[in-house]
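Before any comments, here is the structure.
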Amino acid sequence: MKFFIDTANLNDIAEAQALGILDGVTTNPSLMAKEGITGKDNILKHYVAICNIVEGEVSAEVIATDFEGMIKEGEELADLHDQIVVKIPMTKDGIKACKYFSDKGIKTNVTLVFSAGQALLAAKAGATFVSPFVGRLDDVSTDGLNLIQEIREIYDNYGYETQILAASVRHTMHIVNCAKIGADVMTGPLSAILGLVKHPLTDIGLAQFLADYKKGNQ
Ligand code: E4P
């Protein structure tokens, strides 16, 4: 399973990268705004800064909502760095843009996916990644993990190569459950990734080992 970090915060990205387990980064306009990154030039520079920290794929989202605008913006983003994946919203124009980029060999991430039908369309349009939003479905009392399961089944039925990128992952158990179901990738905050490290028995066991070592090595 690939691990992406879902943030535009350079310190968090660097910390996850230093762990040695990071495969990429996803961002979105809200995450960029949260870091105070505004204005086209600054946003483009920030994507390059992210690419210079990580080795893997970096999703950069288009703001345009019409086909021509998405193509123009997406091509500009893709030209920034070879790690850039063009992130496109799940709309009619988004699907057309996804097919366009896929025909040109430019990687895509179809975002804001909330149904199996949307994921099927994204795969047919040749998306590199499809991003079902697990946490936001949970927020409205719908089982987000069930959607991952449905998409897994459909993609396996037909051998679609589009990677299921479980997005809107909020905590550690989301990661574990997505892995059990067979999501290809998960993207979540640093806290969810670091949560995987923790277990109270590990802490207790380590404290005991160190105390016993100290007793015998005064
Ligand atoms: C996906 O790529 C989005 O950036 C993200 O996962 C959304 O997560 P949220 O629902 O926690 O905002």
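Letters for chains follow the order of the structure tokens (A, B, ...), residue numbers begin at 1 for each chain, and ligand numbers begin at 1 in the order shown.
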
Selection as a PDB file with C-alpha atoms, in the first residue's frame: residues within 6 Å of ligand 1 by only C-alpha atoms and all ligand atoms:
```pdb
ATOM      1  CA  ASP A   6      -2.560  14.943   2.649  1.00  0.00           C
ATOM      2  CA  THR A  26      -1.892  15.131  -2.085  1.00  0.00           C
ATOM      3  CA  THR A  27      -2.962  18.735  -1.774  1.00  0.00           C
ATOM      4  CA  ASN A  28      -6.150  20.611  -2.501  1.00  0.00           C
ATOM      5  CA  GLY A 135     -14.000  10.534   5.978  1.00  0.00           C
ATOM      6  CA  ARG A 136     -16.491  12.875   4.325  1.00  0.00           C
ATOM      7  CA  ALA A 167      -8.750  10.016   0.524  1.00  0.00           C
ATOM      8  CA  SER A 168     -10.172  12.001   3.393  1.00  0.00           C
TER       9      SER A 168
END
```

Item to check | stretch 196-210 of chain A environment, 12 Å, only C-alpha atoms, sequence neighbours closer than 3 positions dropped, as a list in words | outcome: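 Result of the neighbour search: Phe3, Leu19, Ile21, His171, Thr172, Met173, His174, Ile175, Val176, Gly188, Pro189, Leu190, Ser191, Ala192, Ile193, Tyr213, Lys214, Lys215, Gly216, Asn217 and Gln218 of chain A.
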
Next on the checklist: If you run DSSP on the backbone here, which positions in stretch 67-120 of chain A get alpha helix (DSSP H)? Please write them as an MDAnalysis selection string.
Outcome noted: chainID A and resid 67:80 92:103 116:120

Pull C-alpha atoms from the residues just selected and write them as a PDB file, in the first residue's frame.
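Result file follows (out-v9.pdb):
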```
ATOM      1  CA  PHE A  67     -12.740  21.562 -20.076  1.00  0.00           C
ATOM      2  CA  GLU A  68     -10.519  24.134 -21.844  1.00  0.00           C
ATOM      3  CA  GLY A  69      -9.545  25.776 -18.554  1.00  0.00           C
ATOM      4  CA  MET A  70      -8.686  22.417 -16.966  1.00  0.00           C
ATOM      5  CA  ILE A  71      -6.508  21.472 -19.940  1.00  0.00           C
ATOM      6  CA  LYS A  72      -4.628  24.780 -19.880  1.00  0.00           C
ATOM      7  CA  GLU A  73      -4.111  24.691 -16.132  1.00  0.00           C
ATOM      8  CA  GLY A  74      -3.358  20.970 -16.003  1.00  0.00           C
ATOM      9  CA  GLU A  75      -0.691  21.244 -18.700  1.00  0.00           C
ATOM     10  CA  GLU A  76       0.927  24.104 -16.833  1.00  0.00           C
ATOM     11  CA  LEU A  77       0.927  22.064 -13.613  1.00  0.00           C
ATOM     12  CA  ALA A  78       2.305  18.962 -15.346  1.00  0.00           C
ATOM     13  CA  ASP A  79       5.132  21.039 -16.869  1.00  0.00           C
ATOM     14  CA  LEU A  80       6.219  22.194 -13.407  1.00  0.00           C
ATOM     15  CA  LYS A  92     -18.482  15.899 -16.899  1.00  0.00           C
ATOM     16  CA  ASP A  93     -15.709  18.262 -18.004  1.00  0.00           C
ATOM     17  CA  GLY A  94     -13.384  16.638 -15.480  1.00  0.00           C
ATOM     18  CA  ILE A  95     -13.901  13.227 -17.063  1.00  0.00           C
ATOM     19  CA  LYS A  96     -13.234  14.672 -20.528  1.00  0.00           C
ATOM     20  CA  ALA A  97     -10.074  16.327 -19.213  1.00  0.00           C
ATOM     21  CA  CYS A  98      -9.001  13.084 -17.531  1.00  0.00           C
ATOM     22  CA  LYS A  99      -9.297  11.210 -20.865  1.00  0.00           C
ATOM     23  CA  TYR A 100      -7.368  13.992 -22.611  1.00  0.00           C
ATOM     24  CA  PHE A 101      -4.492  13.841 -20.114  1.00  0.00           C
ATOM     25  CA  SER A 102      -4.480  10.053 -20.010  1.00  0.00           C
ATOM     26  CA  ASP A 103      -4.162   9.953 -23.846  1.00  0.00           C
ATOM     27  CA  ALA A 116     -18.894   3.514  -7.239  1.00  0.00           C
ATOM     28  CA  GLY A 117     -20.386   4.780 -10.510  1.00  0.00           C
ATOM     29  CA  GLN A 118     -18.149   7.850 -10.422  1.00  0.00           C
ATOM     30  CA  ALA A 119     -15.139   5.604  -9.801  1.00  0.00           C
ATOM     31  CA  LEU A 120     -16.114   3.391 -12.751  1.00  0.00           C
TER      32      LEU A 120
END
```

Next on the checklist: Which residue is closest to A:Thr162? Choose from A:Ala183, A:Gly195, A:Thr128, A:Gly144 and count only C-alpha atoms.
Outcome noted: A:Thr128

Which neighbours of A:Asn11 fall inside 12 Å, counting only C-alpha atoms, when residues of the same chain fewer than 3 positions from it are skipped, and could you give them as an mmCIF file with N, CA and C atoms, in the first residue's frame?
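Saved as result32.cif:
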```cif
data_model
loop_
_atom_site.group_PDB
_atom_site.id
_atom_site.type_symbol
_atom_site.label_atom_id
_atom_site.label_comp_id
_atom_site.auth_asym_id
_atom_site.auth_seq_id
_atom_site.Cartn_x
_atom_site.Cartn_y
_atom_site.Cartn_z
ATOM 1 N N ILE A 5 0.838 11.715 2.005
ATOM 2 C CA ILE A 5 0.433 12.624 3.074
ATOM 3 C C ILE A 5 -0.454 13.700 2.461
ATOM 4 N N THR A 7 -1.474 17.090 2.776
ATOM 5 C CA THR A 7 -1.178 18.390 3.381
ATOM 6 C C THR A 7 -0.360 19.236 2.416
ATOM 7 N N ALA A 8 -0.344 20.536 2.698
ATOM 8 C CA ALA A 8 0.565 21.425 1.956
ATOM 9 C C ALA A 8 1.608 21.988 2.918
ATOM 10 N N ALA A 14 8.145 17.039 5.247
ATOM 11 C CA ALA A 14 9.550 16.677 5.502
ATOM 12 C C ALA A 14 9.638 15.623 6.616
ATOM 13 N N GLU A 15 8.778 15.764 7.651
ATOM 14 C CA GLU A 15 8.811 14.785 8.755
ATOM 15 C C GLU A 15 8.396 13.400 8.268
ATOM 16 N N ALA A 16 7.356 13.359 7.440
ATOM 17 C CA ALA A 16 6.905 12.059 6.908
ATOM 18 C C ALA A 16 7.955 11.474 5.965
ATOM 19 N N GLN A 17 8.567 12.332 5.170
ATOM 20 C CA GLN A 17 9.601 11.871 4.241
ATOM 21 C C GLN A 17 10.780 11.285 5.012
ATOM 22 N N ALA A 18 11.124 11.936 6.139
ATOM 23 C CA ALA A 18 12.269 11.476 6.939
ATOM 24 C C ALA A 18 12.026 10.091 7.542
ATOM 25 N N GLU A 35 -2.316 26.894 4.605
ATOM 26 C CA GLU A 35 -0.900 27.241 4.810
ATOM 27 C C GLU A 35 -0.610 28.678 4.408
ATOM 28 N N ALA A 49 8.339 23.212 -4.441
ATOM 29 C CA ALA A 49 8.994 22.995 -3.134
ATOM 30 C C ALA A 49 8.610 21.619 -2.583
ATOM 31 N N ILE A 50 7.341 21.248 -2.730
ATOM 32 C CA ILE A 50 6.902 19.922 -2.247
ATOM 33 C C ILE A 50 7.637 18.823 -3.029
ATOM 34 N N ILE A 53 10.998 17.960 -1.844
ATOM 35 C CA ILE A 53 11.140 17.253 -0.557
ATOM 36 C C ILE A 53 10.893 15.757 -0.724
ATOM 37 N N VAL A 54 9.862 15.420 -1.510
ATOM 38 C CA VAL A 54 9.486 14.001 -1.633
ATOM 39 C C VAL A 54 9.969 13.415 -2.960
ATOM 40 N N LEU A 190 -0.408 13.741 8.860
ATOM 41 C CA LEU A 190 0.748 13.176 9.567
ATOM 42 C C LEU A 190 0.304 12.452 10.842
#
```

Item to check | Selected residue, from A:Gly159, A:Gly39, A:Gly126, A:Gly24, that lies nearest to A:Ile84 when counting only C-alpha atoms | outcome: A:Gly24

Checklist entry - What separation in Å, quoted to one decimal, exists between atom CA of A:Val110 and atom CA of A:Asp138? => result 19.8 Å
